[in-house]
Amino acid sequence: MAEDNLVLAVAVLAVIASLAAAGFSYYSLAGQGPKIVGFATSTGTANLTVDLVANINFTDNVIMWGNGSVDTGMLYAILDTAQGTVGNGSWTPETSGLTLENIGNVNVTLDLKVGKSAADFIGGTDPAYEWNVSNSDVDSCVADAGFTLDVYSGTTTSDTNICDYLLYNDASDAVRIDIKLKVPYNSLKGYLVDTITATGTAV
Amino acid sequence: MKKSTVILLGLVFATLISLNAVSASLGISPAITRYNFVPNERISIEYTVYSDNPEKMIDMYAQGDLAQYVTFNKQNLVGGGTFKIAVNLPANIDTVGKNTIYIAAREQPSGLGTIGTAIIIRAVIYLYVPYPGKYIEGELSVRDANVNEQMPVELKVYNRGKEEITILPVVNILNSNMQKVTAVNFPEVQLASGQEQDFGKRLDTTGMMPDNYIADAVITYGDKDYWETYEINRTFRIGSLFVNVTNFTKQLYRDGLQKFGVDVKSGWNSDVKEVYAEVRLTNETGGMTFRTPSADLKAWESKRLEQYIDTNALSGDYRTEIAAVYLGKSTTVEGTLKVRDKPAVWVKPLKITGLSLAGLIVLAALIIVIREIFKLGKRKKSRRK
C-alpha cells in the first residue's frame, strides 16, 4: 500500500513536471514563431527644394515727431531717437528709431540712403541730419570697413554700404536705425518729410 | 468732457500710436542663381516678390554690367506676385570670371511720419564666363569638433576655365606648428568646362590632440602634359572637455565687500553647463574659502565668474588655490592675492621719461655754464681793479 502511494506520488510529480515542460516548450516555440522579415523591393525618393529668399522687413518703419517748433530764444533744437529726447523744442520725443530685420533665408548686404540732404529736408542755418546704425540683435551686422556702427554720422543721398552682411539667423538678424536732427530756428516751415531707403542684396 | 468723447479721443490716440510702429517687408525669390556663360543662350527665371501689404506698388528693374541683356515680362506688381525675366546672352562677353546681374524690386515709400521708409530688395544672378585655358575655383568647409568625433570635410571644385581638366584633391591637416598630422584624400575626377564636383569625407579625430588646426586643400589640376595646383585653407579647432582658468584677481584693497573674479575659457566644442570656481585663500594667520555662482559656457566661450568677498577680514598676502569645477572634472591653478590697505589719497607716481631726464641734464648744464660765465665776469672785474 505504501509502495502504491509512493508510485502514485512519483506519477503525479512526473505529470506536473511534464505539464510544466510542455508549457515551457510551447512558450519557447511561440517566441520563435513567425516574424516580419524581408527586404525592401522598391525604393522611394523624397524630393525637397528649399528656395533662397531675400526678404527684409522694417518692423518699425516710421519716425514721427509730430508738430513743434524751436523754443523761443534758442538757435536750434535737437531731436534724437537714440536718446529719445527733444532738446530746445516742443516736438514729441521719439524713442524707438527704425528697426530693420532680415527675415529671409540668405544673408544680405545692407545699403541705406535718404531722399533729401539736411539743407533740403530741414533748411536754415547749419542743419544736421544724421543716422546711427546699431545691432538690435547681437552681432547681426558685419559692418562695412567704411562705416562705424553705434555712432551718429551724416546721412547720404546716395547708397552707403552699412553692412557687408546682415545675417538671417533668427537670434542675430536685426539692426536699429536712429535718427538725429538739428533743426535751426530759421528752418523750413510746414510739413517736413523724408524717406530712408534700405537696399538688401542677396549674398 | 463726455464719456463718448473720451473714448473717441482714446481711439484716435491708439490709431496714431499703432501708425507709429507699423511694419513693411519686401522679399524676392530665388535670391541667388548661378549660370555658366554659353554664347547666345537664353536664360529664363521666374521670380516671386513677397510683400506684407496687398496694395503696395512694386516696380522691378535690372542692374549690373549685363543688365542690358535682361528683359521683363512685366515691371510692376501690386502687393507681390510673380514675374519672369529673360537674359539673352550675347555671343561673347569680355569680362571673364564672375559677372553679377541684380534683379531689383522696389516698393513705394511708406509716406507716413516725419521720416518714412522704403525697401529695395535685390536678387543676384551670377554668370560665370570661362577663363581662357585651365582655371579652377574651390570652396572648403570644415568645422570645429571634439576629440574622438567624426568631423566633416567638404570640398567643392568648379572648373571655370574653357578646357576640360582632371582634378586630384587632397586636404592636408596641419597642427598649430604647421606639421602635417593626417590627410583626407579624394579620388581623381574629370571636369568639363563649367562643371563642378562635390567631395565629402569625415575626418576621424581619434588620437588628435586638442589644438588649432589648418585644413589645407591642395587641388592638382590639368591634363597629362601640364599640371598646376590650387590651394585653399580653413582653420578649425579640436576640443577636449577642459575648462581653463585664464586669469583671476591678484590684488584687492581692504575696503569692505570687493569683487573677486575668475576668468574661465572652455576648450570644448559643446556647451559646458554649470561651471563654478572654488576659491581658497590661505596664509599663516588664516584665510577664507568661497565659491562663485555657476555659469553655463557655450562652445569655446570665455566668461568671468565673480563673487563678492569681505576684504575687511583679510590682510597681507594669501596663497590662492582656484578650482574650476565642471561636469565632474576640475582644473586647479594657484597664485597669490595681495590685500592692501586702501591709500587715503592716490598720488600719481612721478614718471621720469628719457625726454624729461634729458631736459633736466640740459637745464643743469645751462645753470653751470651761466654760473661759470658769471664767475668769469667777476674775475675780470677784480683784475681790472
# chains A, B, ... in the order shown; residues from 1 in each chain; ligands from 1

call {"tool": "interface_residues", "arguments": {"of": "chain A", "to": "chain B", "cutoff": "7 Å", "atoms": "only C-alpha atoms", "output": "JSON, numbers by chain"}}
result
{"A": [51, 52, 53, 54, 55, 56, 57, 58, 59, 60, 61, 62, 63, 64, 65, 192, 193, 194, 195, 196, 197, 198, 199, 200, 201, 202]}

call {"tool": "closest_residue", "arguments": {"among": "B:Glu372, B:Glu55, B:Glu228, B:Asp216", "to": "B:Lys180", "atoms": "only C-alpha atoms"}}
result
B:Asp216

call {"tool": "residues_around", "arguments": {"residues": "B:Ile219", "least_positions_apart": "5", "cutoff": "6 Å", "atoms": "only C-alpha atoms", "output": "list in words"}}
result
Leu168, Pro169, Thr229 and Tyr230 of chain B

call {"tool": "write_last_selection", "arguments": {"atoms": "N, CA and C atoms", "output": "PDB file, in the first residue's frame"}}
result
ATOM      1  N   LEU B 168      42.727  66.362 -58.872  1.00  0.00           N
ATOM      2  CA  LEU B 168      43.085  65.396 -57.831  1.00  0.00           C
ATOM      3  C   LEU B 168      43.229  66.162 -56.508  1.00  0.00           C
ATOM      4  N   PRO B 169      42.171  66.173 -55.696  1.00  0.00           N
ATOM      5  CA  PRO B 169      42.247  66.963 -54.455  1.00  0.00           C
ATOM      6  C   PRO B 169      42.721  66.145 -53.254  1.00  0.00           C
ATOM      7  N   THR B 229      48.573  73.643 -59.350  1.00  0.00           N
ATOM      8  CA  THR B 229      47.885  73.399 -58.070  1.00  0.00           C
ATOM      9  C   THR B 229      47.118  74.649 -57.634  1.00  0.00           C
ATOM     10  N   TYR B 230      46.025  74.380 -56.990  1.00  0.00           N
ATOM     11  CA  TYR B 230      45.174  75.438 -56.432  1.00  0.00           C
ATOM     12  C   TYR B 230      45.037  75.099 -54.952  1.00  0.00           C
TER      13      TYR B 230
END

call {"tool": "select_by_dssp", "arguments": {"residues": "stretch 22-197 of chain A", "states": "strand (DSSP E or B)", "output": "ChimeraX atom specification"}}
result
/A:54-60,63,70,76-80,85-87,89,98-102,108-114,128-135,141-143,153-154,160-166,174-184,194-197

call {"tool": "atom_distance", "arguments": {"atom1": "atom CA of B:Val333", "atom2": "atom CA of B:Ser315"}}
result
21.6 Å

call {"tool": "decode", "arguments": {"residues": "stretch 117-140 of chain A", "atoms": "N, CA and C atoms", "output": "short mmCIF file (atom, residue, chain, number, x, y, z; two decimals), in the first residue's frame"}}
result
data_model
loop_
_atom_site.label_atom_id
_atom_site.label_comp_id
_atom_site.auth_asym_id
_atom_site.auth_seq_id
_atom_site.Cartn_x
_atom_site.Cartn_y
_atom_site.Cartn_z
N SER A 117 18.94 115.92 -48.62
CA SER A 117 20.07 116.36 -47.78
C SER A 117 19.49 117.14 -46.59
N ALA A 118 20.34 117.44 -45.61
CA ALA A 118 19.88 118.21 -44.44
C ALA A 118 19.34 119.57 -44.87
N ALA A 119 20.01 120.19 -45.85
CA ALA A 119 19.57 121.51 -46.31
C ALA A 119 18.20 121.44 -46.98
N ASP A 120 17.99 120.39 -47.77
CA ASP A 120 16.71 120.26 -48.48
C ASP A 120 15.59 119.79 -47.55
N PHE A 121 15.93 119.00 -46.57
CA PHE A 121 14.92 118.45 -45.66
C PHE A 121 14.55 119.45 -44.57
N ILE A 122 15.58 120.06 -43.95
CA ILE A 122 15.34 120.91 -42.78
C ILE A 122 15.53 122.39 -43.12
N GLY A 123 16.58 122.68 -43.85
CA GLY A 123 16.87 124.06 -44.23
C GLY A 123 17.39 124.88 -43.07
N GLY A 124 17.53 126.19 -43.28
CA GLY A 124 18.01 127.09 -42.24
C GLY A 124 19.52 127.08 -42.11
N THR A 125 19.98 127.63 -40.98
CA THR A 125 21.43 127.77 -40.75
C THR A 125 21.99 126.50 -40.10
N ASP A 126 22.91 125.87 -40.80
CA ASP A 126 23.65 124.72 -40.27
C ASP A 126 22.74 123.61 -39.74
N PRO A 127 21.85 123.09 -40.56
CA PRO A 127 21.02 121.98 -40.09
C PRO A 127 21.83 120.67 -40.09
N ALA A 128 21.37 119.67 -39.41
CA ALA A 128 22.05 118.37 -39.42
C ALA A 128 21.02 117.25 -39.49
N TYR A 129 21.39 116.21 -40.24
CA TYR A 129 20.52 115.06 -40.46
C TYR A 129 21.43 113.85 -40.41
N GLU A 130 21.40 113.11 -39.29
CA GLU A 130 22.37 112.04 -39.06
C GLU A 130 21.68 110.73 -38.75
N TRP A 131 22.39 109.64 -39.03
CA TRP A 131 21.88 108.31 -38.65
C TRP A 131 22.90 107.58 -37.79
N ASN A 132 22.40 106.64 -37.04
CA ASN A 132 23.23 105.83 -36.15
C ASN A 132 22.68 104.40 -36.24
N VAL A 133 23.48 103.52 -36.84
CA VAL A 133 23.02 102.13 -37.01
C VAL A 133 23.68 101.27 -35.93
N SER A 134 22.88 100.50 -35.25
CA SER A 134 23.40 99.62 -34.19
C SER A 134 22.73 98.25 -34.30
N ASN A 135 23.37 97.27 -33.69
CA ASN A 135 22.78 95.93 -33.70
C ASN A 135 21.59 95.89 -32.75
N SER A 136 20.43 95.56 -33.29
CA SER A 136 19.27 95.38 -32.44
C SER A 136 19.33 93.99 -31.81
N ASP A 137 19.72 93.01 -32.62
CA ASP A 137 20.08 91.68 -32.12
C ASP A 137 21.60 91.59 -32.18
N VAL A 138 22.18 90.95 -31.21
CA VAL A 138 23.64 90.93 -31.10
C VAL A 138 24.28 90.35 -32.38
N ASP A 139 25.37 91.01 -32.83
CA ASP A 139 26.17 90.54 -33.97
C ASP A 139 25.38 90.34 -35.25
N SER A 140 24.35 91.13 -35.48
CA SER A 140 23.54 90.96 -36.70
C SER A 140 24.24 91.50 -37.92
#
